[in-house]
Amino acid sequence: ELEEPRAHERRSHARVNHMASAAAVASGASRLTMGSFFRDSGVRWVLGGWTVFTAENLIMSEYRSEIRRSWGGSGGQGAYQSMYSLLSAGTLGSTILAYWRFARFGVELRAGPVPLQLRFGAFVLRAAGFFILGQLAPPLNLSAAPIALGLTEVSKDLSAEVRGALGCPFDFNAYKDRGEVFGITRVSRRPEIFGLLAMALGGALLATTATQVAFYGLGPTVCFTVLAMHSDRTQRGNGQLSVEKEAQTSMLPLLAFLDGRQSLAQFCSEVDPVNAYTAVGLAGLAALRPPWLRWVK
């Protein structure tokens with residue numbers, strides 16, 4: 001007869017201890033400070049990797065001519081590209097390795113699940129990132145799939161060039177007659193950089209540790225902004241960034257719309273709808289996070 005009250009008492013103590021532990025974790029997460037953030041080992045390793053990656057890109061880009069001349073001969077360009085690729089892969093790879101080692105440990109940001117509003121924000125940012133990068137890609141040719149599967153036969157009266165284009169999954173000739181300012185470049189003249197940044201910030205909203213914030217948020221924001229400004233400076237100097245393009249576009253996304261240099265209606269008329277729908281679908285896939293995608297935020 002005494003066993004039942006004792007069992008009930010043990011269960012009550014267990015619930016109290018569990019609630020106390022959860023409160024302690026939540027209290028610890030709420031006491032996150034700037035000092036504790038930058039003292040975290042994972043944050044230091046990850047930000048160190050992003051810093052070296054940024055510096056390496058700046059140096060290799062700034063002193064391209066000098067590095068190529070140092071090899072001499074016609075192989076200078078190839079040697080430069082190989083060295084650039086090797087250094088970028090090494091620095092970014094070490095950053096990813098640091099993230100993999102420390103992402104689940106260290107300073108915690110929250111004890112419970114990620115709030116719904118942050119998950120929605122992450123979806124929006126990822127959709128924006130996929131959208132920007134998707135508008136840089138050639139339009140998807142959906143009619144190529146049935147041709148490749150043999151479900152649709154292309155007329156033999158067409159030229160070989162036309163038949164090949166119909167069977168290609170991308171329409172590489174879609175943008176050949178457009179000028180240097182069209183489509184997504186009306187949003188930013190550095191769409192590839194800010195598209196990647198939007199996708200990274202989507203992961204930062206879902207972060208649960210300081211290391212994850214450093215990897216997806218702080219590191220990419222500083223790195224990509226610096227590289228975008230450096231690209232403007234170097235291309236302005238070597239003539240790749242024309243006066244007309246700089247006058248009509250902005251480096252920061254949407255700024256040209258806000259100051260009247262670009263028209264939103266014109267931009268919308270140039271958006272490729274298939275690539276846009278694909279971007280939203282990929283963002284939805286990232287939000288659902290199937291098992292094979294669980295290693296990323």
# chains A, B, ... in the order shown; residues from 1 in each chain; ligands from 1
>>> residues_around(residues="Gly42 in chain A", least_positions_apart="2", cutoff="8 Å", atoms="only C-alpha atoms", output="compact mmCIF listing (two decimals) with N, CA and C atoms, in the first residue's frame")
# COMPACT_ATOMS: atom_id res chain seq x y z
N ASP A 40 33.26 31.61 -27.71
CA ASP A 40 32.92 30.24 -28.10
C ASP A 40 33.94 29.71 -29.10
N ARG A 44 34.95 31.05 -33.04
CA ARG A 44 36.29 31.49 -33.41
C ARG A 44 36.82 30.72 -34.62
N TRP A 45 36.64 29.42 -34.61
CA TRP A 45 37.14 28.62 -35.72
C TRP A 45 36.40 28.96 -37.01
N VAL A 46 35.08 29.09 -36.93
CA VAL A 46 34.29 29.37 -38.13
C VAL A 46 34.58 30.76 -38.67
N ALA A 98 35.15 23.05 -39.54
CA ALA A 98 34.97 23.64 -38.21
C ALA A 98 33.50 23.68 -37.83
N TYR A 99 32.64 23.99 -38.78
CA TYR A 99 31.19 23.98 -38.52
C TYR A 99 30.73 22.58 -38.15
N ARG A 101 32.38 20.23 -36.81
CA ARG A 101 32.93 19.82 -35.51
C ARG A 101 32.21 20.50 -34.35
N PHE A 102 31.83 21.78 -34.48
CA PHE A 102 31.34 22.54 -33.34
C PHE A 102 29.87 22.94 -33.42
N ALA A 103 29.20 22.67 -34.53
CA ALA A 103 27.85 23.23 -34.74
C ALA A 103 26.85 22.83 -33.66
N PHE A 105 27.51 22.07 -30.48
CA PHE A 105 28.01 22.28 -29.13
C PHE A 105 28.23 23.76 -28.87
N GLY A 106 28.65 24.07 -27.68
CA GLY A 106 28.98 25.45 -27.34
C GLY A 106 27.79 26.24 -26.85
N ALA A 210 25.67 29.32 -31.21
CA ALA A 210 26.43 30.46 -31.69
C ALA A 210 27.27 30.10 -32.91
N THR A 211 27.79 28.87 -32.95
CA THR A 211 28.58 28.44 -34.11
C THR A 211 27.76 28.48 -35.38
>>> closest_atom_pairs(of="range 255-280 of chain A", to="range 117-139 of chain A", cutoff="10 Å", atoms="only C-alpha atoms", output="CSV")
residue,atom,partner,partner_atom,distance
A:Glu270,CA,A:Gln135,CA,9.4
A:Val271,CA,A:Gln135,CA,7.0
A:Asp272,CA,A:Pro139,CA,6.5
A:Pro273,CA,A:Pro139,CA,8.6
A:Val274,CA,A:Pro139,CA,7.1
A:Asn275,CA,A:Gly134,CA,5.5
A:Ala276,CA,A:Phe131,CA,5.5
A:Tyr277,CA,A:Phe131,CA,8.3
A:Thr278,CA,A:Gly134,CA,8.0
A:Ala279,CA,A:Phe130,CA,4.8
A:Val280,CA,A:Ala127,CA,5.1
>>> atom_distance(atom1="CA of Gly183 in chain A", atom2="CA of Gly239 in chain A")
21.9 Å
>>> residues_around(residues="Ala247 in chain A", least_positions_apart="5", cutoff="10 Å", atoms="only C-alpha atoms", output="list in words")
Ser242, Ala256 and Arg261 of chain A
>>> atom_distance(atom1="CA of Arg189 in chain A", atom2="CA of Ser269 in chain A")
18.0 Å
>>> residues_around(residues="Gln240 in chain A", least_positions_apart="6", cutoff="10 Å", atoms="only C-alpha atoms", output="ChimeraX atom specification")
/A:231-232,234
>>> residues_around(residues="Trp50 in chain A", least_positions_apart="6", cutoff="7 Å", atoms="only C-alpha atoms", output="short mmCIF file (atom, residue, chain, number, x, y, z; two decimals) with C-alpha atoms, in the first residue's frame")
data_model
loop_
_atom_site.label_atom_id
_atom_site.label_comp_id
_atom_site.auth_asym_id
_atom_site.auth_seq_id
_atom_site.Cartn_x
_atom_site.Cartn_y
_atom_site.Cartn_z
CA THR A 95 35.42 26.48 -42.45
CA GLY A 219 30.61 35.13 -41.57
CA CYS A 223 32.55 38.09 -46.45
#
>>> residues_around(residues="Pro113 in chain A", least_positions_apart="6", cutoff="12 Å", atoms="only C-alpha atoms", output="list in words")
Ala26, Arg119, Leu206, Ala207 and Thr208 of chain A
>>> decode(residues="range 34-47 of chain A", atoms="N, CA, C and O atoms", output="PDB file, in the first residue's frame")
ATOM      1  N   MET A  34      27.630  39.328 -26.049  1.00  0.00           N
ATOM      2  CA  MET A  34      28.622  39.464 -27.106  1.00  0.00           C
ATOM      3  C   MET A  34      29.925  38.780 -26.718  1.00  0.00           C
ATOM      4  O   MET A  34      30.583  38.128 -27.539  1.00  0.00           O
ATOM      5  N   GLY A  35      30.292  38.909 -25.436  1.00  0.00           N
ATOM      6  CA  GLY A  35      31.525  38.285 -24.976  1.00  0.00           C
ATOM      7  C   GLY A  35      31.466  36.775 -25.035  1.00  0.00           C
ATOM      8  O   GLY A  35      32.409  36.122 -25.508  1.00  0.00           O
ATOM      9  N   SER A  36      30.360  36.192 -24.558  1.00  0.00           N
ATOM     10  CA  SER A  36      30.237  34.731 -24.593  1.00  0.00           C
ATOM     11  C   SER A  36      30.160  34.219 -26.025  1.00  0.00           C
ATOM     12  O   SER A  36      30.615  33.114 -26.324  1.00  0.00           O
ATOM     13  N   PHE A  37      29.591  35.019 -26.933  1.00  0.00           N
ATOM     14  CA  PHE A  37      29.501  34.614 -28.335  1.00  0.00           C
ATOM     15  C   PHE A  37      30.893  34.469 -28.940  1.00  0.00           C
ATOM     16  O   PHE A  37      31.223  33.447 -29.548  1.00  0.00           O
ATOM     17  N   PHE A  38      31.726  35.488 -28.765  1.00  0.00           N
ATOM     18  CA  PHE A  38      33.040  35.466 -29.400  1.00  0.00           C
ATOM     19  C   PHE A  38      34.057  34.632 -28.626  1.00  0.00           C
ATOM     20  O   PHE A  38      35.131  34.343 -29.149  1.00  0.00           O
ATOM     21  N   ARG A  39      33.726  34.245 -27.400  1.00  0.00           N
ATOM     22  CA  ARG A  39      34.609  33.316 -26.676  1.00  0.00           C
ATOM     23  C   ARG A  39      34.347  31.867 -27.041  1.00  0.00           C
ATOM     24  O   ARG A  39      35.153  30.986 -26.720  1.00  0.00           O
ATOM     25  N   ASP A  40      33.258  31.607 -27.714  1.00  0.00           N
ATOM     26  CA  ASP A  40      32.916  30.245 -28.101  1.00  0.00           C
ATOM     27  C   ASP A  40      33.937  29.706 -29.098  1.00  0.00           C
ATOM     28  O   ASP A  40      34.281  30.374 -30.080  1.00  0.00           O
ATOM     29  N   SER A  41      34.435  28.506 -28.853  1.00  0.00           N
ATOM     30  CA  SER A  41      35.474  27.917 -29.718  1.00  0.00           C
ATOM     31  C   SER A  41      34.991  27.753 -31.150  1.00  0.00           C
ATOM     32  O   SER A  41      35.722  28.030 -32.110  1.00  0.00           O
ATOM     33  N   GLY A  42      33.756  27.265 -31.302  1.00  0.00           N
ATOM     34  CA  GLY A  42      33.229  27.071 -32.649  1.00  0.00           C
ATOM     35  C   GLY A  42      33.119  28.366 -33.420  1.00  0.00           C
ATOM     36  O   GLY A  42      33.430  28.418 -34.614  1.00  0.00           O
ATOM     37  N   VAL A  43      32.681  29.434 -32.744  1.00  0.00           N
ATOM     38  CA  VAL A  43      32.574  30.739 -33.393  1.00  0.00           C
ATOM     39  C   VAL A  43      33.944  31.208 -33.872  1.00  0.00           C
ATOM     40  O   VAL A  43      34.104  31.703 -34.992  1.00  0.00           O
ATOM     41  N   ARG A  44      34.949  31.047 -33.037  1.00  0.00           N
ATOM     42  CA  ARG A  44      36.293  31.488 -33.414  1.00  0.00           C
ATOM     43  C   ARG A  44      36.823  30.723 -34.619  1.00  0.00           C
ATOM     44  O   ARG A  44      37.409  31.307 -35.540  1.00  0.00           O
ATOM     45  N   TRP A  45      36.639  29.419 -34.607  1.00  0.00           N
ATOM     46  CA  TRP A  45      37.135  28.620 -35.720  1.00  0.00           C
ATOM     47  C   TRP A  45      36.398  28.963 -37.012  1.00  0.00           C
ATOM     48  O   TRP A  45      37.008  29.099 -38.091  1.00  0.00           O
ATOM     49  N   VAL A  46      35.079  29.093 -36.930  1.00  0.00           N
ATOM     50  CA  VAL A  46      34.286  29.371 -38.128  1.00  0.00           C
ATOM     51  C   VAL A  46      34.579  30.764 -38.673  1.00  0.00           C
ATOM     52  O   VAL A  46      34.801  30.941 -39.884  1.00  0.00           O
ATOM     53  N   LEU A  47      34.599  31.767 -37.804  1.00  0.00           N
ATOM     54  CA  LEU A  47      34.892  33.120 -38.275  1.00  0.00           C
ATOM     55  C   LEU A  47      36.335  33.241 -38.762  1.00  0.00           C
ATOM     56  O   LEU A  47      36.614  34.011 -39.694  1.00  0.00           O
TER      57      LEU A  47
END
